[in-house]
>>> print(open('coords39.cif').read())   # mmCIF, C-alpha atoms
data_run
loop_
_atom_site.label_atom_id
_atom_site.label_comp_id
_atom_site.auth_asym_id
_atom_site.auth_seq_id
_atom_site.Cartn_x
_atom_site.Cartn_y
_atom_site.Cartn_z
CA MET A 1 131.33 96.68 104.24
CA ILE A 2 129.82 97.43 100.82
CA ASN A 3 126.27 97.08 102.13
CA LYS A 4 127.00 99.49 104.99
CA LEU A 5 128.43 101.98 102.51
CA VAL A 6 125.34 101.63 100.31
CA VAL A 7 122.98 102.30 103.20
CA GLU A 8 124.99 105.30 104.40
CA ASN A 9 125.03 106.76 100.88
CA LEU A 10 121.22 106.56 100.71
CA LYS A 11 120.79 107.95 104.23
CA HIS A 12 123.06 110.86 103.39
CA ARG A 13 120.52 112.12 100.84
CA PRO A 14 117.17 111.27 102.53
CA VAL A 15 114.89 113.50 100.44
CA ARG A 16 116.10 112.18 97.10
CA THR A 17 116.06 108.63 98.42
CA LEU A 18 112.49 108.99 99.69
CA LEU A 19 111.30 110.58 96.44
CA SER A 20 112.88 107.78 94.41
CA ILE A 21 111.18 105.14 96.57
CA VAL A 22 107.81 106.88 96.32
CA LEU A 23 108.01 107.28 92.54
CA ILE A 24 109.01 103.64 92.08
CA SER A 25 106.12 102.62 94.34
CA VAL A 26 103.68 104.52 92.12
CA GLN A 27 104.42 102.29 89.14
CA VAL A 28 104.03 99.17 91.29
CA THR A 29 100.71 100.43 92.68
CA MET A 30 99.54 101.36 89.19
CA VAL A 31 100.18 97.85 87.87
CA LEU A 32 98.69 96.10 90.92
CA THR A 33 95.60 98.32 90.87
CA LEU A 34 94.92 97.67 87.19
CA VAL A 35 95.40 93.92 87.56
CA GLY A 36 93.38 93.91 90.78
CA VAL A 37 90.44 95.77 89.24
CA SER A 38 90.48 93.47 86.19
CA LYS A 39 90.57 90.38 88.41
CA GLY A 40 87.97 91.72 90.82
CA MET A 41 85.50 92.66 88.11
CA LEU A 42 85.89 89.39 86.21
CA ASP A 43 85.55 87.30 89.39
CA GLU A 44 82.45 89.25 90.34
CA GLN A 45 80.93 88.56 86.91
CA VAL A 46 81.65 84.85 87.33
CA ARG A 47 80.13 84.80 90.82
CA ARG A 48 76.96 86.56 89.64
CA ALA A 49 76.62 84.28 86.62
CA ARG A 50 76.94 81.15 88.75
CA GLY A 51 74.52 82.57 91.29
CA ILE A 52 71.74 82.52 88.68
CA GLY A 53 71.45 78.76 89.01
CA ALA A 54 71.27 78.00 85.28
CA ASP A 55 72.96 75.09 83.55
CA ILE A 56 73.05 76.51 80.01
CA ILE A 57 73.38 80.03 78.62
CA ILE A 58 72.34 81.09 75.12
CA ARG A 59 73.84 84.23 73.55
CA PRO A 60 73.11 85.93 70.21
CA PRO A 61 75.30 85.31 67.18
CA SER A 62 78.42 87.52 67.00
CA SER A 63 78.26 88.35 70.71
CA SER A 64 81.34 88.23 72.92
CA VAL A 65 81.62 87.14 76.53
CA ILE A 66 81.01 90.55 78.04
CA ASN A 67 79.34 92.30 75.10
CA PHE A 68 75.68 92.92 75.96
CA GLY A 69 74.92 95.28 73.10
CA ILE A 70 73.50 92.57 70.82
CA SER A 71 69.99 91.19 71.34
CA MET A 72 67.98 88.31 69.89
CA PRO A 73 64.27 87.64 69.38
CA ALA A 74 62.49 86.40 72.49
CA LYS A 75 60.40 84.14 70.24
CA ILE A 76 63.14 81.52 70.25
CA MET A 77 62.17 80.76 73.87
CA PRO A 78 59.52 78.17 72.82
CA LYS A 79 62.24 76.31 70.92
CA VAL A 80 64.01 75.95 74.25
CA ILE A 81 61.16 75.29 76.67
CA ASP A 82 58.56 73.43 74.62
CA VAL A 83 60.80 71.22 72.49
CA GLU A 84 63.52 70.14 74.89
CA PRO A 85 62.14 67.54 77.33
CA HIS A 86 64.87 68.04 79.94
CA VAL A 87 64.44 71.81 80.32
CA ALA A 88 62.98 72.52 83.75
CA ALA A 89 62.96 76.33 83.41
CA ALA A 90 64.21 79.07 81.11
CA THR A 91 64.17 82.84 81.18
CA GLY A 92 65.34 85.62 78.94
CA VAL A 93 66.84 88.86 80.24
CA LEU A 94 67.64 92.12 78.52
CA VAL A 95 70.92 93.83 79.48
CA TYR A 96 71.32 97.51 78.66
CA ALA A 97 74.49 99.53 79.29
CA THR A 98 74.02 102.70 81.34
CA GLY A 99 77.72 103.52 81.51
CA MET A 100 81.14 102.14 80.68
CA LEU A 101 80.89 99.50 83.43
CA ASP A 102 77.27 99.79 84.56
CA TYR A 103 74.29 97.84 83.25
CA VAL A 104 70.61 97.68 84.01
CA THR A 105 68.97 94.29 83.49
CA GLY A 106 65.35 93.62 82.58
CA VAL A 107 63.95 90.50 84.21
CA ASP A 108 60.69 88.59 84.22
CA LEU A 109 60.57 87.66 87.90
CA ALA A 110 58.10 84.79 87.46
CA SER A 111 60.29 82.82 85.04
CA PHE A 112 63.56 83.92 86.64
CA SER A 113 62.45 82.65 90.06
CA LYS A 114 62.03 79.15 88.62
CA LEU A 115 65.79 78.92 88.06
CA ASN A 116 66.83 79.23 91.70
CA GLY A 117 63.95 80.46 93.80
CA GLY A 118 64.40 84.11 92.90
CA PHE A 119 66.18 86.99 94.58
CA ARG A 120 66.83 86.76 98.32
CA PHE A 121 65.73 90.10 99.69
CA VAL A 122 67.61 91.88 102.44
CA ARG A 123 65.01 94.63 102.58
CA GLY A 124 61.89 95.42 100.61
CA VAL A 125 59.83 93.33 98.21
CA PRO A 126 59.75 92.35 94.50
CA PHE A 127 58.39 94.65 91.78
CA GLN A 128 55.05 96.19 92.63
CA GLY A 129 54.75 98.25 89.46
CA PRO A 130 56.32 98.78 86.01
CA LYS A 131 58.60 101.59 87.24
CA ASP A 132 60.06 99.72 90.23
CA VAL A 133 63.74 98.82 90.46
CA LEU A 134 65.65 96.28 92.53
CA VAL A 135 69.34 96.68 93.44
CA ASP A 136 71.79 94.42 95.21
CA SER A 137 73.12 95.21 98.67
CA TYR A 138 76.56 96.25 97.38
CA TYR A 139 75.08 98.84 95.01
CA ALA A 140 72.68 100.08 97.69
CA ASP A 141 75.49 100.49 100.23
CA GLN A 142 77.71 102.29 97.72
CA HIS A 143 75.00 104.78 96.84
CA LYS A 144 73.34 104.96 100.29
CA TYR A 145 70.01 103.84 98.86
CA HIS A 146 67.04 102.76 100.98
CA VAL A 147 63.77 101.08 100.06
CA GLY A 148 61.37 103.71 98.76
CA ASP A 149 64.08 106.03 97.41
CA THR A 150 63.92 107.39 93.88
CA VAL A 151 66.64 105.98 91.62
CA THR A 152 67.44 107.61 88.28
CA LEU A 153 68.13 105.15 85.47
CA LEU A 154 67.94 105.79 81.71
CA ASN A 155 66.94 109.38 82.54
CA GLN A 156 63.85 107.98 84.23
CA PRO A 157 62.79 108.03 87.92
CA TRP A 158 62.30 104.59 89.45
CA ARG A 159 61.03 103.59 92.89
CA LEU A 160 63.42 101.34 94.79
CA ALA A 161 61.17 98.42 95.73
CA GLY A 162 63.73 96.01 97.17
CA ILE A 163 67.36 95.31 97.97
CA TYR A 164 68.59 91.74 97.43
CA GLU A 165 71.72 89.80 98.36
CA THR A 166 74.65 90.47 96.08
CA GLY A 167 76.06 87.70 93.90
CA MET A 168 73.15 87.06 91.54
CA LEU A 169 72.67 88.25 87.94
CA ALA A 170 73.17 92.04 88.13
CA ARG A 171 73.34 95.06 90.40
CA GLN A 172 70.26 96.82 89.01
CA VAL A 173 67.13 94.98 87.90
CA VAL A 174 63.91 96.36 86.40
CA PRO A 175 60.83 94.72 84.84
CA LEU A 176 61.69 93.16 81.49
CA ALA A 177 58.71 94.61 79.61
CA THR A 178 59.45 98.15 80.86
CA LEU A 179 63.11 98.00 79.79
CA GLN A 180 62.14 96.58 76.40
CA ASP A 181 59.78 99.51 75.81
CA LEU A 182 62.25 102.16 77.00
CA THR A 183 65.12 100.87 74.87
CA GLY A 184 63.16 100.06 71.73
CA SER A 185 63.81 96.35 72.18
CA ARG A 186 60.28 95.02 72.31
CA ASP A 187 60.17 91.22 72.21
CA LYS A 188 63.95 91.01 72.40
CA VAL A 189 66.35 89.62 75.00
CA THR A 190 70.12 89.61 75.38
CA VAL A 191 70.66 86.31 77.16
CA ILE A 192 68.61 83.17 77.78
CA TYR A 193 69.34 81.11 80.89
CA VAL A 194 68.27 77.48 80.93
CA LYS A 195 67.94 75.12 83.91
CA LEU A 196 67.73 71.37 83.34
CA ASP A 197 65.99 68.68 85.35
CA ASP A 198 69.26 66.72 85.23
CA PRO A 199 72.54 68.71 84.92
CA ALA A 200 74.26 65.54 83.71
CA ARG A 201 72.39 65.96 80.41
CA THR A 202 73.90 69.40 79.76
CA GLY A 203 76.06 68.26 76.84
CA GLU A 204 73.17 66.38 75.27
CA VAL A 205 70.80 69.36 75.49
CA ILE A 206 73.44 71.77 74.16
CA ALA A 207 73.95 69.55 71.12
CA SER A 208 70.21 69.41 70.53
CA LEU A 209 69.78 73.18 70.86
CA ALA A 210 72.74 73.83 68.58
CA GLY A 211 71.01 71.82 65.86
CA ARG A 212 67.95 74.09 65.96
CA LEU A 213 69.47 77.46 66.92
CA LYS A 214 72.01 77.84 64.14
CA ASP A 215 74.82 80.37 64.74
CA TYR A 216 73.67 81.08 68.31
CA LYS A 217 76.33 80.76 71.00
CA ILE A 218 75.34 78.07 73.46
CA PHE A 219 77.50 77.23 76.47
CA SER A 220 77.25 75.28 79.66
CA MET A 221 77.49 77.67 82.59
CA GLN A 222 80.81 76.07 83.54
CA GLU A 223 82.23 76.68 80.06
CA TYR A 224 80.85 80.21 79.96
CA THR A 225 82.34 81.32 83.26
CA GLU A 226 85.71 79.86 82.28
CA LEU A 227 85.75 82.29 79.34
CA TYR A 228 85.95 85.26 81.70
CA SER A 229 89.56 86.36 81.48
CA VAL A 230 91.63 89.40 80.57
CA ASN A 231 91.71 88.15 76.97
CA SER A 232 87.90 88.24 76.75
CA VAL A 233 87.76 91.95 77.55
CA PRO A 234 88.38 94.10 74.46
CA MET A 235 91.60 96.11 74.72
CA LEU A 236 92.20 95.19 78.38
CA LYS A 237 95.19 92.98 77.61
CA THR A 238 96.69 95.70 75.40
CA PHE A 239 96.01 98.33 78.05
CA THR A 240 97.72 96.17 80.69
CA ILE A 241 100.81 95.84 78.49
CA VAL A 242 100.85 99.60 77.96
CA VAL A 243 100.63 100.24 81.71
CA ILE A 244 103.48 97.81 82.36
CA ALA A 245 105.58 99.50 79.67
CA VAL A 246 104.87 102.89 81.24
CA GLY A 247 105.84 101.44 84.61
CA VAL A 248 109.19 100.27 83.29
CA LEU A 249 109.76 103.67 81.69
CA VAL A 250 108.91 105.48 84.93
CA GLY A 251 111.29 103.29 86.90
CA PHE A 252 113.99 103.79 84.31
CA LEU A 253 113.69 107.59 84.30
CA VAL A 254 113.41 107.94 88.07
CA VAL A 255 116.48 105.86 88.79
CA PHE A 256 118.44 107.24 85.85
CA LEU A 257 117.94 110.80 87.09
CA SER A 258 118.62 109.87 90.71
CA MET A 259 121.76 107.84 90.01
CA TYR A 260 123.12 110.24 87.40
CA THR A 261 122.79 113.12 89.85
CA ALA A 262 124.37 110.99 92.56
CA VAL A 263 127.35 110.21 90.35
CA LEU A 264 127.92 113.90 89.64
CA GLU A 265 127.64 114.81 93.32
CA ARG A 266 130.00 112.03 94.37
CA THR A 267 132.71 112.57 91.76
CA ARG A 268 135.39 113.28 94.35
CA GLU A 269 134.22 110.35 96.49
CA ILE A 270 134.54 108.03 93.51
CA GLY A 271 137.99 109.46 92.83
CA VAL A 272 139.06 108.70 96.42
CA LEU A 273 137.82 105.11 96.09
CA LYS A 274 139.74 104.65 92.84
CA ALA A 275 142.85 106.27 94.29
CA LEU A 276 142.66 103.70 97.11
CA GLY A 277 142.65 100.93 94.54
CA ALA A 278 138.92 100.32 94.03
CA HIS A 279 138.26 98.42 90.83
CA PRO A 280 135.65 99.89 88.37
CA SER A 281 133.43 96.88 89.07
CA TYR A 282 133.52 97.79 92.79
CA VAL A 283 132.16 101.29 92.04
CA LEU A 284 129.55 99.88 89.68
CA ASN A 285 128.57 97.32 92.30
CA ILE A 286 127.89 100.05 94.87
CA LEU A 287 125.56 101.96 92.56
CA LEU A 288 123.71 98.85 91.44
CA ARG A 289 123.18 97.80 95.06
CA GLU A 290 121.82 101.24 95.87
CA THR A 291 119.46 100.93 92.94
CA LEU A 292 118.33 97.46 93.99
CA LEU A 293 117.64 98.67 97.51
CA LEU A 294 115.58 101.60 96.18
CA ALA A 295 113.61 99.29 93.88
CA VAL A 296 112.89 96.75 96.63
CA ALA A 297 111.80 99.48 99.04
CA GLY A 298 109.63 101.06 96.33
CA SER A 299 108.06 97.69 95.53
CA LEU A 300 107.16 97.06 99.17
CA LEU A 301 105.64 100.53 99.48
CA GLY A 302 103.77 100.00 96.20
CA ILE A 303 102.28 96.73 97.48
CA ALA A 304 101.17 98.49 100.66
CA LEU A 305 99.62 101.33 98.62
CA SER A 306 97.65 98.80 96.55
CA TYR A 307 95.69 98.03 99.72
CA ALA A 308 94.94 101.74 100.03
CA THR A 309 93.64 101.87 96.46
CA ARG A 310 91.53 98.77 97.11
CA PHE A 311 89.98 100.44 100.14
CA ALA A 312 89.32 103.60 98.12
CA ILE A 313 87.76 101.71 95.20
CA ASN A 314 85.74 99.17 97.21
CA ASP A 315 84.65 101.29 100.16
CA VAL A 316 84.95 104.97 99.32
CA ILE A 317 84.27 105.54 95.62
CA HIS A 318 80.58 105.24 94.75
CA GLY A 319 80.61 102.91 91.79
CA SER A 320 80.65 99.33 90.65
CA LEU A 321 84.39 98.72 90.51
CA ILE A 322 85.89 95.97 92.64
CA GLN A 323 89.60 95.56 93.22
CA ALA A 324 91.04 92.22 94.22
CA ILE A 325 94.47 91.57 95.69
CA VAL A 326 96.32 89.34 93.24
CA TYR A 327 99.26 87.96 95.21
CA MET A 328 100.93 86.38 92.18
CA TRP A 329 101.36 89.86 90.70
CA TRP A 330 103.31 91.11 93.71
CA LEU A 331 106.43 89.40 92.38
CA ILE A 332 105.65 90.39 88.79
CA ALA A 333 105.14 94.07 89.67
CA ALA A 334 108.27 94.05 91.84
CA ALA A 335 110.26 92.45 89.01
CA ILE A 336 108.99 95.13 86.61
CA ALA A 337 110.11 97.85 89.03
CA ILE A 338 113.52 96.25 89.59
CA VAL A 339 114.15 95.74 85.87
CA GLY A 340 113.24 99.33 85.08
CA ALA A 341 115.39 100.61 87.94
CA MET A 342 118.43 98.52 87.01
CA LEU A 343 118.18 99.63 83.40
CA GLY A 344 118.13 103.22 84.60
CA ALA A 345 121.24 102.65 86.73
CA ILE A 346 123.41 101.10 84.04
CA TYR A 347 124.59 104.28 82.30
CA PRO A 348 125.28 106.30 85.47
CA GLY A 349 127.02 103.24 86.92
CA LEU A 350 129.24 102.81 83.89
CA LYS A 351 129.99 106.52 83.88
CA ALA A 352 131.11 106.31 87.51
CA ALA A 353 133.13 103.15 86.90
CA ARG A 354 135.01 104.74 83.98
CA GLN A 355 135.93 107.96 85.73
CA ASP A 356 139.64 108.73 85.88
CA ALA A 357 140.85 108.90 89.48
CA ILE A 358 143.02 112.03 88.93
CA GLU A 359 140.27 113.91 87.12
CA ALA A 360 137.77 112.93 89.77
CA LEU A 361 139.99 114.15 92.59
CA ALA A 362 140.53 117.45 90.76
CA TYR A 363 136.77 117.91 90.19
CA GLU A 364 135.24 120.93 91.92
#
>>> encode(input="coords39.cif", output="structure tokens")
Amino acid sequence: MINKLVVENLKHRPVRTLLSIVLISVQVTMVLTLVGVSKGMLDEQVRRARGIGADIIIRPPSSSVINFGISMPAKIMPKVIDVEPHVAAATGVLVYATGMLDYVTGVDLASFSKLNGGFRFVRGVPFQGPKDVLVDSYYADQHKYHVGDTVTLLNQPWRLAGIYETGMLARQVVPLATLQDLTGSRDKVTVIYVKLDDPARTGEVIASLAGRLKDYKIFSMQEYTELYSVNSVPMLKTFTIVVIAVGVLVGFLVVFLSMYTAVLERTREIGVLKALGAHPSYVLNILLRETLLLAVAGSLLGIALSYATRFAINDVIHGSLIQAIVYMWWLIAAAIAIVGAMLGAIYPGLKAARQDAIEALAYE
């Protein structure tokens, strides 16, 4: 009986009900989109790092997992290749930021190819000149690039020589020497990748390298990729918390306004219920159930809209963002919406429950 009354109350005011559901869904979509983009980008970084085929990665002192703004002298390469007997191949790359989330990477193809056989080309060929660029298939599809096109990077025109399979190193690759000259980083690299003749000796080689390369950050590729998390991205964890807090606030305000208005509009109805013997908890129960139904419906719509944002980010927007669907966060985002909504319903519910039956019936 109560559930039927709840549904009829919501159906009686369809526009307000629909608006409440849509606004609640926005906060759910906002949370799921942020988490999905964070997860998608981090997973993509892990996949590209593992696709390199290296066993060990060497980073400069004071560098963080995703910070590519610090470089180191390329002259430490002989300490890696010539001294360590179990090093089969090593290469240094220079990573230079071209935007907030975009990087161009300088590569020496000869040494890089020794790690895993080199890039697997979908179309085109390797570098033919110092101003050639290679891009992966995802980046080429996003920007509608074809072999032979002119690509603008670092305010310079580059000829697109080849398009390779995604999932290896970076989305944009140029000759190492050219990038070093353009960025004033001659004889410097950002990362050194090392491949061993026997991966089982990874720990032994890391210990040996650590003894000679003091203060440098040396990881196995497995250890390095495990560091990719929300906590490794500066400010991302804080930003996520802020978005969640905003989501709770939005849910609170939307439901508070909706339920408070509903209580005022239904003053006489509440008076009739109380005159018929309805307990205050009965009236409060009705409003809380209405709120719960709105929050659940808004959560379901928000989850559906997260697929729309994924499509827009992955297939429509020309960029390097990737949004994943993180199923675990469906329940978390829904719980956030429900908590915010229930908090917003408490005061209007208590106001309705405390109304005097005689005053409510006399209300015009």
>>> resolve_selection(input="coords39.cif", expression="the PyMOL selection byres ((chain A and resi 131) around 8)", output="PyMOL selection string")
chain A and resi 129-130+132-133+157-159+174-175+178
>>> residues_around(input="coords39.cif", residues="Tyr224 of chain A", least_positions_apart="5", cutoff="9 Å", atoms="only C-alpha atoms", output="list in words")
Val46, Ala49, Ile56, Ile57, Val65, Ile218 and Phe219 of chain A
>>> residues_around(input="coords39.cif", residues="Phe256 of chain A", least_positions_apart="5", cutoff="7 Å", atoms="all atoms listed in the file", output="MDAnalysis selection string")
chainID A and resid 344:345 348
>>> closest_residue(input="coords39.cif", among="A:Leu305, A:Leu154, A:Leu293, A:Ala54", to="Thr98 of chain A", atoms="only C-alpha atoms")
A:Leu154
>>> closest_residue(input="coords39.cif", among="A:Val248, A:Ile21, A:Val83, A:Leu179", to="Ala335 of chain A", atoms="all atoms listed in the file")
A:Val248
>>> closest_residue(input="coords39.cif", among="A:Glu84, A:Asp141, A:Asp102, A:Glu165", to="Val122 of chain A", atoms="only C-alpha atoms")
A:Glu165
>>> closest_residue(input="coords39.cif", among="A:Ala308, A:Leu300, A:Val339, A:Val194", to="Val28 of chain A", atoms="only C-alpha atoms")
A:Leu300
>>> resolve_selection(input="coords39.cif", expression="the PyMOL selection byres ((chain A and resi 331) around 12)", output="ChimeraX atom specification")
/A:28,31-32,296,299-300,302-303,326-330,332-339
